[in-house]
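Q: Sharing target_16.txt (compact mmCIF, C-alpha atoms (C1' of nucleotides)) below.
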# COMPACT_ATOMS: atom_id res chain seq x y z
CA MET Y 1347 -17.01 12.25 -4.40
CA ALA Y 1348 -13.77 10.89 -5.79
CA ARG Y 1349 -14.94 11.30 -9.35
CA HIS Y 1350 -11.82 9.77 -10.81
CA PRO Y 1351 -10.20 6.48 -10.03
CA THR Y 1352 -7.08 6.55 -7.93
CA ILE Y 1353 -4.16 5.87 -10.20
CA SER Y 1354 -0.91 4.76 -8.62
CA ASP Y 1355 2.53 5.80 -9.80
CA ALA Y 1356 3.24 2.70 -11.81
CA GLU Y 1357 -0.23 2.83 -13.30
CA TRP Y 1358 0.31 6.45 -14.18
CA ASP Y 1359 3.21 5.53 -16.45
CA VAL Y 1360 0.95 3.17 -18.32
CA MET Y 1361 -1.73 5.81 -18.65
CA GLU Y 1362 0.79 8.26 -20.01
CA VAL Y 1363 1.57 5.93 -22.86
CA LEU Y 1364 -2.07 5.63 -23.78
CA TRP Y 1365 -2.75 9.31 -23.41
CA ALA Y 1366 0.25 10.06 -25.58
CA ALA Y 1367 -0.76 7.51 -28.20
CA GLY Y 1368 -4.07 9.19 -28.79
CA ALA Y 1369 -5.38 5.93 -30.20
CA PRO Y 1370 -6.11 2.51 -28.74
CA LEU Y 1371 -3.04 0.34 -28.33
CA MET Y 1372 -2.47 -3.36 -27.93
CA ALA Y 1373 -0.90 -4.58 -24.73
CA ASN Y 1374 2.37 -5.24 -26.50
CA ASP Y 1375 2.59 -1.73 -27.82
CA VAL Y 1376 2.20 -0.49 -24.31
CA VAL Y 1377 4.77 -2.97 -23.10
CA ASP Y 1378 7.21 -1.72 -25.70
CA ARG Y 1379 6.73 1.92 -24.95
CA VAL Y 1380 6.55 1.82 -21.21
CA GLY Y 1381 8.71 -1.22 -20.59
CA LYS Y 1382 11.68 0.34 -22.31
CA ALA Y 1383 11.98 3.14 -19.85
CA ASN Y 1384 10.95 1.30 -16.73
CA GLN Y 1385 12.60 -2.03 -17.16
CA TRP Y 1386 9.36 -3.82 -16.40
CA SER Y 1387 8.52 -7.34 -17.35
CA PRO Y 1388 5.70 -7.63 -19.90
CA ARG Y 1389 3.73 -9.44 -17.22
CA THR Y 1390 3.94 -6.43 -15.04
CA VAL Y 1391 2.64 -4.15 -17.71
CA LYS Y 1392 -0.23 -6.52 -18.45
CA SER Y 1393 -1.11 -6.57 -14.78
CA LEU Y 1394 -1.20 -2.82 -14.70
CA LEU Y 1395 -3.43 -2.72 -17.76
CA ASN Y 1396 -5.75 -5.12 -16.03
CA ARG Y 1397 -5.93 -3.14 -12.87
CA LEU Y 1398 -6.58 0.02 -14.79
CA VAL Y 1399 -9.44 -1.65 -16.60
CA LYS Y 1400 -10.78 -2.87 -13.29
CA LYS Y 1401 -10.52 0.65 -11.96
CA SER Y 1402 -12.28 1.91 -15.06
CA ALA Y 1403 -9.46 4.20 -15.98
CA LEU Y 1404 -9.07 2.18 -19.16
CA ASP Y 1405 -11.41 0.26 -21.35
CA PHE Y 1406 -10.71 -1.95 -24.33
CA GLU Y 1407 -12.26 -3.45 -27.38
CA ALA Y 1408 -11.33 -6.87 -28.57
CA GLU Y 1409 -9.65 -7.10 -31.91
CA GLY Y 1410 -9.61 -10.80 -32.57
CA LYS Y 1411 -7.58 -12.32 -29.83
CA ARG Y 1412 -5.99 -9.08 -28.75
CA TYR Y 1413 -7.40 -6.17 -26.89
CA LEU Y 1414 -7.08 -2.56 -27.85
CA TYR Y 1415 -6.82 -0.45 -24.74
CA PHE Y 1416 -7.75 3.19 -24.44
CA PRO Y 1417 -8.25 5.67 -21.59
CA THR Y 1418 -11.70 6.48 -20.33
CA VAL Y 1419 -10.47 9.50 -18.41
CA SER Y 1420 -8.57 12.44 -19.75
CA ARG Y 1421 -5.09 13.24 -18.66
CA ALA Y 1422 -6.16 16.73 -17.67
CA GLU Y 1423 -8.79 15.42 -15.31
CA CYS Y 1424 -6.34 13.06 -13.71
CA VAL Y 1425 -3.67 15.69 -13.38
CA ARG Y 1426 -6.20 17.90 -11.70
CA SER Y 1427 -7.22 15.30 -9.21
CA ARG Y 1428 -3.72 14.16 -8.35
CA SER Y 1429 -2.64 17.74 -8.01
CA LYS Y 1430 -5.53 18.44 -5.78
CA SER Y 1431 -4.74 15.64 -3.43
CA PHE Y 1432 -1.10 16.58 -3.36
CA VAL Y 1433 -1.90 20.15 -2.46
CA ALA Y 1434 -4.41 18.95 0.08
CA SER Y 1435 -2.02 16.63 1.81
CA VAL Y 1436 1.09 18.79 1.89
CA PHE Y 1437 -0.21 22.33 1.82
CA GLY Y 1438 -3.54 21.87 3.51
CA GLY Y 1439 -5.32 22.59 0.27
CA ALA Y 1440 -3.92 26.06 -0.15
CA VAL Y 1441 -2.59 26.56 -3.63
CA GLY Y 1442 -1.07 29.95 -2.95
CA PRO Y 1443 1.53 28.77 -0.44
CA MET Y 1444 2.23 25.80 -2.61
CA LEU Y 1445 3.03 27.98 -5.58
CA ALA Y 1446 5.08 30.22 -3.38
CA HIS Y 1447 7.10 27.24 -2.29
CA PHE Y 1448 7.97 26.29 -5.83
CA VAL Y 1449 8.49 29.78 -7.11
CA ASN Y 1450 11.04 30.25 -4.40
CA GLU Y 1451 12.69 26.89 -4.34
CA ALA Y 1452 12.45 25.26 -7.69
CA PRO Y 1453 14.96 25.65 -10.45
CA LEU Y 1454 13.42 27.87 -13.10
CA THR Y 1455 14.96 29.25 -16.22
CA PRO Y 1456 14.63 32.98 -16.87
CA ASP Y 1457 12.32 32.11 -19.74
CA GLU Y 1458 10.05 30.14 -17.51
CA ILE Y 1459 9.98 32.97 -15.04
CA ARG Y 1460 8.96 35.43 -17.73
CA GLU Y 1461 6.36 33.05 -18.99
CA LEU Y 1462 4.86 32.54 -15.57
CA LYS Y 1463 4.72 36.26 -15.02
CA GLU Y 1464 2.86 36.64 -18.26
CA MET Y 1465 0.38 34.01 -17.31
CA LEU Y 1466 -0.24 35.73 -14.04
CA GLU Y 1467 -0.74 39.02 -15.81
CA ARG Y 1468 -3.19 37.51 -18.24
CA ARG Y 1469 -5.09 36.16 -15.33
CA GLU Y 1470 -5.06 39.49 -13.60
CA ARG Y 1471 -6.43 41.24 -16.65
CA LYS Y 1472 -9.10 38.69 -17.29
CA GLY Y 1473 -10.10 38.98 -13.66
CA ARG Y 1474 -9.75 35.62 -11.91
CA MET S 781 19.40 8.33 -2.51
CA ALA S 782 16.08 8.81 -0.81
CA ARG S 783 17.56 11.00 1.87
CA HIS S 784 14.30 11.36 3.74
CA PRO S 785 11.96 8.71 4.97
CA THR S 786 8.80 8.18 3.02
CA ILE S 787 5.97 9.61 5.04
CA SER S 788 2.47 8.51 4.20
CA ASP S 789 -0.58 10.75 4.29
CA ALA S 790 -1.79 9.70 7.70
CA GLU S 791 1.72 9.92 9.06
CA TRP S 792 2.05 13.37 7.60
CA ASP S 793 -0.81 14.63 9.74
CA VAL S 794 1.02 13.41 12.81
CA MET S 795 4.22 15.07 11.69
CA GLU S 796 2.37 18.33 11.17
CA VAL S 797 1.33 18.35 14.79
CA LEU S 798 4.87 17.90 15.96
CA TRP S 799 6.30 20.39 13.53
CA ALA S 800 3.70 22.89 14.63
CA ALA S 801 4.32 22.23 18.31
CA GLY S 802 7.94 23.21 18.04
CA ALA S 803 8.61 21.22 21.18
CA PRO S 804 8.51 17.52 22.09
CA LEU S 805 5.03 16.23 22.82
CA MET S 806 3.65 13.26 24.65
CA ALA S 807 1.65 10.76 22.68
CA ASN S 808 -1.54 11.97 24.28
CA ASP S 809 -0.92 15.53 23.24
CA VAL S 810 -0.54 14.35 19.71
CA VAL S 811 -3.66 12.27 20.04
CA ASP S 812 -5.58 15.30 21.22
CA ARG S 813 -4.40 17.59 18.50
CA VAL S 814 -4.52 15.26 15.56
CA GLY S 815 -7.30 13.01 16.68
CA LYS S 816 -9.73 15.87 16.96
CA ALA S 817 -9.61 16.66 13.30
CA ASN S 818 -9.25 13.18 11.96
CA GLN S 819 -11.53 11.20 14.15
CA TRP S 820 -8.81 8.67 14.82
CA SER S 821 -8.68 6.32 17.73
CA PRO S 822 -5.82 6.97 20.15
CA ARG S 823 -4.52 3.53 19.20
CA THR S 824 -4.21 4.65 15.64
CA VAL S 825 -2.23 7.71 16.54
CA LYS S 826 0.11 5.67 18.73
CA SER S 827 0.66 3.29 15.86
CA LEU S 828 1.55 6.14 13.58
CA LEU S 829 3.97 7.54 16.14
CA ASN S 830 5.58 4.15 16.32
CA ARG S 831 5.94 3.79 12.61
CA LEU S 832 7.41 7.24 12.33
CA VAL S 833 9.97 6.40 14.98
CA LYS S 834 10.78 3.20 13.14
CA LYS S 835 11.18 5.21 9.96
CA SER S 836 13.40 7.64 11.85
CA ALA S 837 11.20 10.57 11.04
CA LEU S 838 10.62 10.97 14.75
CA ASP S 839 12.65 10.28 17.81
CA PHE S 840 11.73 10.47 21.48
CA GLU S 841 13.15 10.77 24.91
CA ALA S 842 11.63 9.01 27.85
CA GLU S 843 10.18 11.15 30.57
CA GLY S 844 9.38 8.63 33.27
CA LYS S 845 6.87 6.29 31.84
CA ARG S 846 5.92 8.52 28.93
CA TYR S 847 7.79 9.41 25.81
CA LEU S 848 8.31 12.84 24.42
CA TYR S 849 8.28 12.71 20.64
CA PHE S 850 9.94 15.17 18.33
CA PRO S 851 10.75 15.30 14.60
CA THR S 852 14.19 14.44 13.34
CA VAL S 853 13.52 15.93 9.93
CA SER S 854 12.40 19.42 9.15
CA ARG S 855 9.09 20.15 7.55
CA ALA S 856 10.82 22.06 4.78
CA GLU S 857 12.94 19.08 3.84
CA CYS S 858 9.92 16.82 3.77
CA VAL S 859 7.88 19.26 1.77
CA ARG S 860 10.71 19.45 -0.71
CA SER S 861 10.96 15.74 -1.11
CA ARG S 862 7.24 15.10 -1.39
CA SER S 863 6.96 17.92 -3.85
CA LYS S 864 9.76 16.53 -5.85
CA SER S 865 8.21 13.14 -6.16
CA PHE S 866 4.88 14.63 -7.03
CA VAL S 867 6.37 16.73 -9.80
CA ALA S 868 8.37 13.75 -10.97
CA SER S 869 5.41 11.45 -11.18
CA VAL S 870 2.86 13.78 -12.72
CA PHE S 871 4.92 16.30 -14.64
CA GLY S 872 7.91 14.21 -15.50
CA GLY S 873 10.04 16.25 -13.16
CA ALA S 874 9.50 19.52 -14.96
CA VAL S 875 8.56 22.23 -12.52
CA GLY S 876 7.79 24.84 -15.16
CA PRO S 877 4.81 23.02 -16.68
CA MET S 878 3.64 22.12 -13.25
CA LEU S 879 3.56 25.72 -12.16
CA ALA S 880 1.90 26.67 -15.42
CA HIS S 881 -0.80 24.14 -14.71
CA PHE S 882 -1.60 25.64 -11.35
CA VAL S 883 -1.24 29.24 -12.38
CA ASN S 884 -3.82 28.59 -15.05
CA GLU S 885 -6.17 26.30 -13.25
CA ALA S 886 -6.05 26.93 -9.56
CA PRO S 887 -8.20 29.41 -7.73
CA LEU S 888 -6.01 32.35 -6.77
CA THR S 889 -6.96 35.60 -5.18
CA PRO S 890 -5.76 38.82 -6.79
CA ASP S 891 -3.51 39.29 -3.80
CA GLU S 892 -1.91 35.96 -4.29
CA ILE S 893 -1.38 36.71 -7.93
CA ARG S 894 0.33 39.98 -7.12
CA GLU S 895 2.44 38.28 -4.52
CA LEU S 896 3.54 35.56 -6.88
CA LYS S 897 4.47 38.11 -9.49
CA GLU S 898 6.59 39.88 -6.96
CA MET S 899 8.35 36.71 -6.00
CA LEU S 900 9.08 36.03 -9.62
CA GLU S 901 10.45 39.51 -10.07
CA ARG S 902 12.66 39.21 -7.04
CA ARG S 903 14.02 36.03 -8.49
CA GLU S 904 14.59 37.65 -11.83
CA ARG S 905 16.51 40.48 -10.29
CA LYS S 906 18.63 38.28 -8.10
CA GLY S 907 19.33 36.11 -11.10
CA ARG S 908 18.29 32.54 -10.38
C1' DG O 1272 1.48 -6.08 48.47
C1' DC O 1273 -2.48 -6.63 45.12
C1' DT O 1274 -5.29 -4.68 41.65
C1' DC O 1275 -6.55 -1.26 38.29
C1' DT O 1276 -5.01 1.94 35.07
C1' DT O 1277 -1.78 3.70 31.66
C1' DC O 1278 1.76 3.53 28.54
C1' DG O 1279 4.46 1.78 24.98
C1' DA O 1280 5.33 -2.71 22.18
C1' DT O 1281 3.67 -6.21 19.50
C1' DT O 1282 0.34 -8.18 16.58
C1' DA O 1283 -3.74 -7.93 13.36
C1' DC O 1284 -5.93 -7.48 9.24
C1' DA O 1285 -7.76 -5.89 5.00
C1' DG O 1286 -6.80 -2.92 0.90
C1' DT O 1287 -3.29 -1.00 -2.36
C1' DT O 1288 0.94 -1.25 -4.89
C1' DG O 1289 4.92 -3.07 -7.21
C1' DT O 1290 6.22 -6.86 -9.49
C1' DA O 1291 5.41 -11.01 -11.38
C1' DA O 1292 4.25 -16.32 -12.32
C1' DT O 1293 0.81 -19.76 -13.61
C1' DA O 1294 -3.44 -21.31 -15.94
C1' DG O 1295 -6.66 -21.40 -19.62
C1' DA O 1296 -8.17 -20.28 -24.13
C1' DT O 1297 -7.27 -19.56 -28.80
C1' DT O 1298 -4.67 -19.43 -32.86
C1' DA O 1299 -1.02 -20.56 -36.02
C1' DC O 1300 2.12 -24.00 -37.80
C1' DG O 1301 3.41 -28.19 -39.30
C1' DC W 905 -5.45 -32.76 -36.02
C1' DG W 906 -1.77 -32.07 -32.48
C1' DT W 907 1.53 -29.04 -30.58
C1' DA W 908 3.60 -24.83 -29.83
C1' DA W 909 3.13 -19.96 -29.37
C1' DT W 910 0.44 -16.15 -27.76
C1' DC W 911 -3.05 -13.67 -25.36
C1' DT W 912 -5.85 -12.54 -21.48
C1' DA W 913 -7.42 -13.95 -16.73
C1' DT W 914 -6.35 -15.50 -12.32
C1' DT W 915 -3.38 -15.98 -8.58
C1' DA W 916 0.84 -14.76 -5.76
C1' DC W 917 3.22 -12.37 -2.53
C1' DA W 918 5.71 -9.08 0.12
C1' DA W 919 5.82 -4.09 1.55
C1' DC W 920 3.27 -0.23 2.80
C1' DT W 921 -1.11 1.97 4.65
C1' DG W 922 -5.05 2.88 7.34
C1' DT W 923 -6.98 1.58 11.31
C1' DA W 924 -6.96 -0.71 15.33
C1' DA W 925 -6.88 -4.53 19.33
C1' DT W 926 -4.17 -7.14 22.60
C1' DC W 927 -0.02 -7.90 25.65
C1' DG W 928 3.11 -6.79 29.17
C1' DA W 929 5.36 -3.70 32.28
C1' DA W 930 5.24 0.05 35.41
C1' DG W 931 3.06 3.10 38.49
C1' DA W 932 -1.16 4.72 41.38
C1' DG W 933 -4.54 3.65 44.88
C1' DC W 934 -6.34 1.03 48.41
Please re-express this file's structure in structure tokens.

A:
Amino acid sequence: MARHPTISDAEWDVMEVLWAAGAPLMANDVVDRVGKANQWSPRTVKSLLNRLVKKSALDFEAEGKRYLYFPTVSRAECVRSRSKSFVASVFGGAVGPMLAHFVNEAPLTPDEIRELKEMLERRERKGR
Amino acid sequence: MARHPTISDAEWDVMEVLWAAGAPLMANDVVDRVGKANQWSPRTVKSLLNRLVKKSALDFEAEGKRYLYFPTVSRAECVRSRSKSFVASVFGGAVGPMLAHFVNEAPLTPDEIRELKEMLERRERKGR
DNA sequence: GCTCTTCGATTACAGTTGTAATAGATTACG
DNA sequence: CGTAATCTATTACAACTGTAATCGAAGAGC
């Protein structure tokens, strides 16, 4: 049933780079982009790439000696499935209470609040 | 900085029982309430209780031979911190986009939508 | 008092994760 | 060619997780 591979936090950062790139990247490109922020050794990034390939979240094509890595799953799908398991584990699967929690507790700018209200209204009009 | 202990998924289920109970419970009570749903061996539940004590998410007082367990951290605090790390890892810490994601994608009843709009309006009026 | 039952405490063990180091293959340089 | 540099693949290893089993002490029954 778990249609999408389970992607850990560290792995997620690697995926983000590839999703953002929009095109296949060599390991070193990924190292540069993700390593900067996270202070990871290149080895570490390579390991993560490997695991992600093993998990089938990434695939690659060889370009000479190097590999060009690219995602096999969309960011949207992955966001959906992580979100789902988060809501399941903390809010018992109920999205309503979860949203309520954030709407009440999270820092939101007035603009964001307006925007959210609009989204809700659009949804209301379109009927679920 | 991590003010609250990291509580894993399985551990969370145990915490839920104790938060819901509102009063200290014996291990066997927890076993009954959580084991039913999860199909866990009593051993497993005891282990989780132990780990949670070690993590200081629970404490206990001895009542004769048995222990009465109770949470040392509130559910609200824990929800906040799990939520925070979820938002951080998937939405880069930005709550707005996260809410947008759910408002657009999640199944919401018309009632929930109305309710959320009201919450947002209350917030608007009270000014952040 | 001795034995069986009940608890909590300690130990187990495999899978995942974070974080790399080492080994092997291939290429580029001299 | 031989050697160094560069990739990927394999291996490492401790902490955390899920899921228990075993050990030891304390009380309950006989």

Q: Could you work out how far CA of Met795 in chain S lies from CA of Phe1432 in chain Y, giving the answer in Å with one decimal?

A: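 Value for the CA of Phe1432 in chain Y-CA of Met795 in chain S distance: 16.0 Å.
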
Q: Using every C-alpha atom paired in order, could you least-squares fit chain S onto chain Y and give me the moved chain as an mmCIF file with C-alpha atoms, in the frame of the given file?

A:
data_model
loop_
_atom_site.group_PDB
_atom_site.id
_atom_site.type_symbol
_atom_site.label_atom_id
_atom_site.label_comp_id
_atom_site.auth_asym_id
_atom_site.auth_seq_id
_atom_site.Cartn_x
_atom_site.Cartn_y
_atom_site.Cartn_z
ATOM 1 C CA MET S 781 -16.934 12.231 -4.330
ATOM 2 C CA ALA S 782 -13.721 10.876 -5.737
ATOM 3 C CA ARG S 783 -14.868 11.335 -9.293
ATOM 4 C CA HIS S 784 -11.751 9.801 -10.771
ATOM 5 C CA PRO S 785 -10.148 6.499 -10.035
ATOM 6 C CA THR S 786 -7.052 6.536 -7.918
ATOM 7 C CA ILE S 787 -4.128 5.841 -10.177
ATOM 8 C CA SER S 788 -0.907 4.707 -8.595
ATOM 9 C CA ASP S 789 2.548 5.729 -9.756
ATOM 10 C CA ALA S 790 3.249 2.643 -11.801
ATOM 11 C CA GLU S 791 -0.213 2.788 -13.286
ATOM 12 C CA TRP S 792 0.332 6.406 -14.157
ATOM 13 C CA ASP S 793 3.239 5.502 -16.411
ATOM 14 C CA VAL S 794 0.970 3.152 -18.306
ATOM 15 C CA MET S 795 -1.696 5.807 -18.613
ATOM 16 C CA GLU S 796 0.861 8.245 -19.970
ATOM 17 C CA VAL S 797 1.618 5.907 -22.824
ATOM 18 C CA LEU S 798 -2.008 5.649 -23.765
ATOM 19 C CA TRP S 799 -2.676 9.330 -23.372
ATOM 20 C CA ALA S 800 0.327 10.060 -25.534
ATOM 21 C CA ALA S 801 -0.685 7.522 -28.160
ATOM 22 C CA GLY S 802 -3.970 9.241 -28.785
ATOM 23 C CA ALA S 803 -5.286 5.994 -30.199
ATOM 24 C CA PRO S 804 -6.071 2.555 -28.755
ATOM 25 C CA LEU S 805 -3.023 0.356 -28.330
ATOM 26 C CA MET S 806 -2.468 -3.336 -27.961
ATOM 27 C CA ALA S 807 -0.933 -4.567 -24.758
ATOM 28 C CA ASN S 808 2.322 -5.266 -26.522
ATOM 29 C CA ASP S 809 2.580 -1.745 -27.818
ATOM 30 C CA VAL S 810 2.202 -0.509 -24.307
ATOM 31 C CA VAL S 811 4.754 -3.010 -23.122
ATOM 32 C CA ASP S 812 7.206 -1.764 -25.709
ATOM 33 C CA ARG S 813 6.758 1.876 -24.946
ATOM 34 C CA VAL S 814 6.571 1.760 -21.200
ATOM 35 C CA GLY S 815 8.698 -1.262 -20.577
ATOM 36 C CA LYS S 816 11.673 0.267 -22.301
ATOM 37 C CA ALA S 817 11.993 3.058 -19.822
ATOM 38 C CA ASN S 818 10.970 1.212 -16.727
ATOM 39 C CA GLN S 819 12.594 -2.118 -17.162
ATOM 40 C CA TRP S 820 9.341 -3.884 -16.420
ATOM 41 C CA SER S 821 8.488 -7.394 -17.397
ATOM 42 C CA PRO S 822 5.676 -7.679 -19.942
ATOM 43 C CA ARG S 823 3.720 -9.515 -17.254
ATOM 44 C CA THR S 824 3.920 -6.485 -15.063
ATOM 45 C CA VAL S 825 2.606 -4.193 -17.730
ATOM 46 C CA LYS S 826 -0.277 -6.553 -18.472
ATOM 47 C CA SER S 827 -1.133 -6.602 -14.802
ATOM 48 C CA LEU S 828 -1.206 -2.847 -14.701
ATOM 49 C CA LEU S 829 -3.434 -2.727 -17.766
ATOM 50 C CA ASN S 830 -5.761 -5.120 -16.041
ATOM 51 C CA ARG S 831 -5.926 -3.143 -12.865
ATOM 52 C CA LEU S 832 -6.574 0.033 -14.772
ATOM 53 C CA VAL S 833 -9.439 -1.614 -16.605
ATOM 54 C CA LYS S 834 -10.802 -2.849 -13.304
ATOM 55 C CA LYS S 835 -10.519 0.672 -11.948
ATOM 56 C CA SER S 836 -12.277 1.944 -15.062
ATOM 57 C CA ALA S 837 -9.432 4.218 -15.965
ATOM 58 C CA LEU S 838 -9.045 2.225 -19.149
ATOM 59 C CA ASP S 839 -11.391 0.338 -21.362
ATOM 60 C CA PHE S 840 -10.716 -1.871 -24.365
ATOM 61 C CA GLU S 841 -12.277 -3.338 -27.412
ATOM 62 C CA ALA S 842 -11.397 -6.769 -28.638
ATOM 63 C CA GLU S 843 -9.708 -7.018 -31.980
ATOM 64 C CA GLY S 844 -9.680 -10.742 -32.620
ATOM 65 C CA LYS S 845 -7.653 -12.278 -29.908
ATOM 66 C CA ARG S 846 -6.028 -9.042 -28.800
ATOM 67 C CA TYR S 847 -7.428 -6.105 -26.944
ATOM 68 C CA LEU S 848 -7.077 -2.503 -27.874
ATOM 69 C CA TYR S 849 -6.806 -0.392 -24.747
ATOM 70 C CA PHE S 850 -7.712 3.246 -24.450
ATOM 71 C CA PRO S 851 -8.205 5.715 -21.578
ATOM 72 C CA THR S 852 -11.651 6.541 -20.311
ATOM 73 C CA VAL S 853 -10.426 9.557 -18.386
ATOM 74 C CA SER S 854 -8.510 12.487 -19.722
ATOM 75 C CA ARG S 855 -5.015 13.267 -18.615
ATOM 76 C CA ALA S 856 -6.078 16.761 -17.630
ATOM 77 C CA GLU S 857 -8.731 15.458 -15.280
ATOM 78 C CA CYS S 858 -6.287 13.074 -13.674
ATOM 79 C CA VAL S 859 -3.621 15.700 -13.342
ATOM 80 C CA ARG S 860 -6.155 17.926 -11.663
ATOM 81 C CA SER S 861 -7.189 15.325 -9.182
ATOM 82 C CA ARG S 862 -3.692 14.172 -8.306
ATOM 83 C CA SER S 863 -2.621 17.752 -7.956
ATOM 84 C CA LYS S 864 -5.508 18.459 -5.734
ATOM 85 C CA SER S 865 -4.727 15.659 -3.381
ATOM 86 C CA PHE S 866 -1.097 16.597 -3.307
ATOM 87 C CA VAL S 867 -1.884 20.187 -2.416
ATOM 88 C CA ALA S 868 -4.404 18.992 0.128
ATOM 89 C CA SER S 869 -2.018 16.672 1.866
ATOM 90 C CA VAL S 870 1.087 18.831 1.929
ATOM 91 C CA PHE S 871 -0.223 22.374 1.847
ATOM 92 C CA GLY S 872 -3.531 21.909 3.546
ATOM 93 C CA GLY S 873 -5.320 22.593 0.304
ATOM 94 C CA ALA S 874 -3.944 26.079 -0.123
ATOM 95 C CA VAL S 875 -2.605 26.551 -3.611
ATOM 96 C CA GLY S 876 -1.091 29.965 -2.956
ATOM 97 C CA PRO S 877 1.514 28.783 -0.442
ATOM 98 C CA MET S 878 2.208 25.811 -2.594
ATOM 99 C CA LEU S 879 3.003 27.959 -5.579
ATOM 100 C CA ALA S 880 5.061 30.247 -3.384
ATOM 101 C CA HIS S 881 7.078 27.265 -2.273
ATOM 102 C CA PHE S 882 7.947 26.286 -5.804
ATOM 103 C CA VAL S 883 8.465 29.774 -7.112
ATOM 104 C CA ASN S 884 11.022 30.267 -4.386
ATOM 105 C CA GLU S 885 12.673 26.910 -4.321
ATOM 106 C CA ALA S 886 12.432 25.261 -7.675
ATOM 107 C CA PRO S 887 14.940 25.646 -10.447
ATOM 108 C CA LEU S 888 13.391 27.855 -13.108
ATOM 109 C CA THR S 889 14.919 29.245 -16.226
ATOM 110 C CA PRO S 890 14.578 32.963 -16.906
ATOM 111 C CA ASP S 891 12.279 32.069 -19.759
ATOM 112 C CA GLU S 892 10.023 30.114 -17.529
ATOM 113 C CA ILE S 893 9.933 32.952 -15.072
ATOM 114 C CA ARG S 894 8.934 35.400 -17.770
ATOM 115 C CA GLU S 895 6.320 33.014 -19.026
ATOM 116 C CA LEU S 896 4.818 32.522 -15.608
ATOM 117 C CA LYS S 897 4.663 36.245 -15.068
ATOM 118 C CA GLU S 898 2.811 36.606 -18.304
ATOM 119 C CA MET S 899 0.331 33.960 -17.348
ATOM 120 C CA LEU S 900 -0.271 35.715 -14.084
ATOM 121 C CA GLU S 901 -0.803 38.992 -15.864
ATOM 122 C CA ARG S 902 -3.235 37.466 -18.295
ATOM 123 C CA ARG S 903 -5.157 36.139 -15.360
ATOM 124 C CA GLU S 904 -5.114 39.487 -13.659
ATOM 125 C CA ARG S 905 -6.467 41.211 -16.703
ATOM 126 C CA LYS S 906 -9.172 38.678 -17.336
ATOM 127 C CA GLY S 907 -10.117 38.902 -13.695
ATOM 128 C CA ARG S 908 -9.946 35.469 -12.104
#

Q: Set out as JSON lines a contact list for chain S and chain Y with a cut-off of 8 Å, giving each residue of chain S that qualifies its closest atom pair and distance in Å to one decimal, counting all atoms listed in the file, ordered by chain and rising residue number.

A:
{"residue": "S:Asp789", "atom": "CA", "partner": "Y:Ser1435", "partner_atom": "CA", "distance": 6.5}
{"residue": "S:Trp792", "atom": "CA", "partner": "Y:Ser1435", "partner_atom": "CA", "distance": 7.8}
{"residue": "S:Val859", "atom": "CA", "partner": "Y:Val1436", "partner_atom": "CA", "distance": 6.8}
{"residue": "S:Arg862", "atom": "CA", "partner": "Y:Val1436", "partner_atom": "CA", "distance": 7.9}
{"residue": "S:Phe866", "atom": "CA", "partner": "Y:Phe1432", "partner_atom": "CA", "distance": 7.3}
{"residue": "S:Ser869", "atom": "CA", "partner": "Y:Asp1355", "partner_atom": "CA", "distance": 6.5}
{"residue": "S:Val870", "atom": "CA", "partner": "Y:Val1425", "partner_atom": "CA", "distance": 6.8}
{"residue": "S:Val875", "atom": "CA", "partner": "Y:Ala1452", "partner_atom": "CA", "distance": 6.9}
{"residue": "S:Gly876", "atom": "CA", "partner": "Y:Glu1458", "partner_atom": "CA", "distance": 6.2}
{"residue": "S:Leu879", "atom": "CA", "partner": "Y:Leu1445", "partner_atom": "CA", "distance": 7.0}
{"residue": "S:Ala880", "atom": "CA", "partner": "Y:Leu1462", "partner_atom": "CA", "distance": 6.6}
{"residue": "S:Phe882", "atom": "CA", "partner": "Y:Leu1445", "partner_atom": "CA", "distance": 7.8}
{"residue": "S:Val883", "atom": "CA", "partner": "Y:Leu1466", "partner_atom": "CA", "distance": 6.8}
{"residue": "S:Asn884", "atom": "CA", "partner": "Y:Met1465", "partner_atom": "CA", "distance": 7.2}
{"residue": "S:Ala886", "atom": "CA", "partner": "Y:Val1441", "partner_atom": "CA", "distance": 6.9}
{"residue": "S:Pro887", "atom": "CA", "partner": "Y:Val1441", "partner_atom": "CA", "distance": 7.5}
{"residue": "S:Leu888", "atom": "CA", "partner": "Y:Gly1442", "partner_atom": "CA", "distance": 6.7}
{"residue": "S:Thr889", "atom": "CA", "partner": "Y:Arg1474", "partner_atom": "CA", "distance": 7.3}
{"residue": "S:Pro890", "atom": "CA", "partner": "Y:Glu1470", "partner_atom": "CA", "distance": 6.9}
{"residue": "S:Glu892", "atom": "CA", "partner": "Y:Gly1442", "partner_atom": "CA", "distance": 6.2}
{"residue": "S:Ile893", "atom": "CA", "partner": "Y:Leu1466", "partner_atom": "CA", "distance": 6.3}
{"residue": "S:Leu896", "atom": "CA", "partner": "Y:Ala1446", "partner_atom": "CA", "distance": 6.6}
{"residue": "S:Lys897", "atom": "CA", "partner": "Y:Lys1463", "partner_atom": "CA", "distance": 5.8}
{"residue": "S:Met899", "atom": "CA", "partner": "Y:Val1449", "partner_atom": "CA", "distance": 7.0}
{"residue": "S:Leu900", "atom": "CA", "partner": "Y:Ile1459", "partner_atom": "CA", "distance": 6.3}
{"residue": "S:Arg903", "atom": "CA", "partner": "Y:Asn1450", "partner_atom": "CA", "distance": 7.7}
{"residue": "S:Glu904", "atom": "CA", "partner": "Y:Pro1456", "partner_atom": "CA", "distance": 6.9}
{"residue": "S:Arg908", "atom": "CA", "partner": "Y:Leu1454", "partner_atom": "CA", "distance": 7.3}

Q: Range 911-927 of chain W: which residues within 7 Å, counting only C-alpha atoms (C1' of nucleotides), same-chain residues fewer than 5 positions away excluded, as an MDAnalysis selection string?

A: (chainID Y and resid 1411:1412) or (chainID S and resid 823:824)
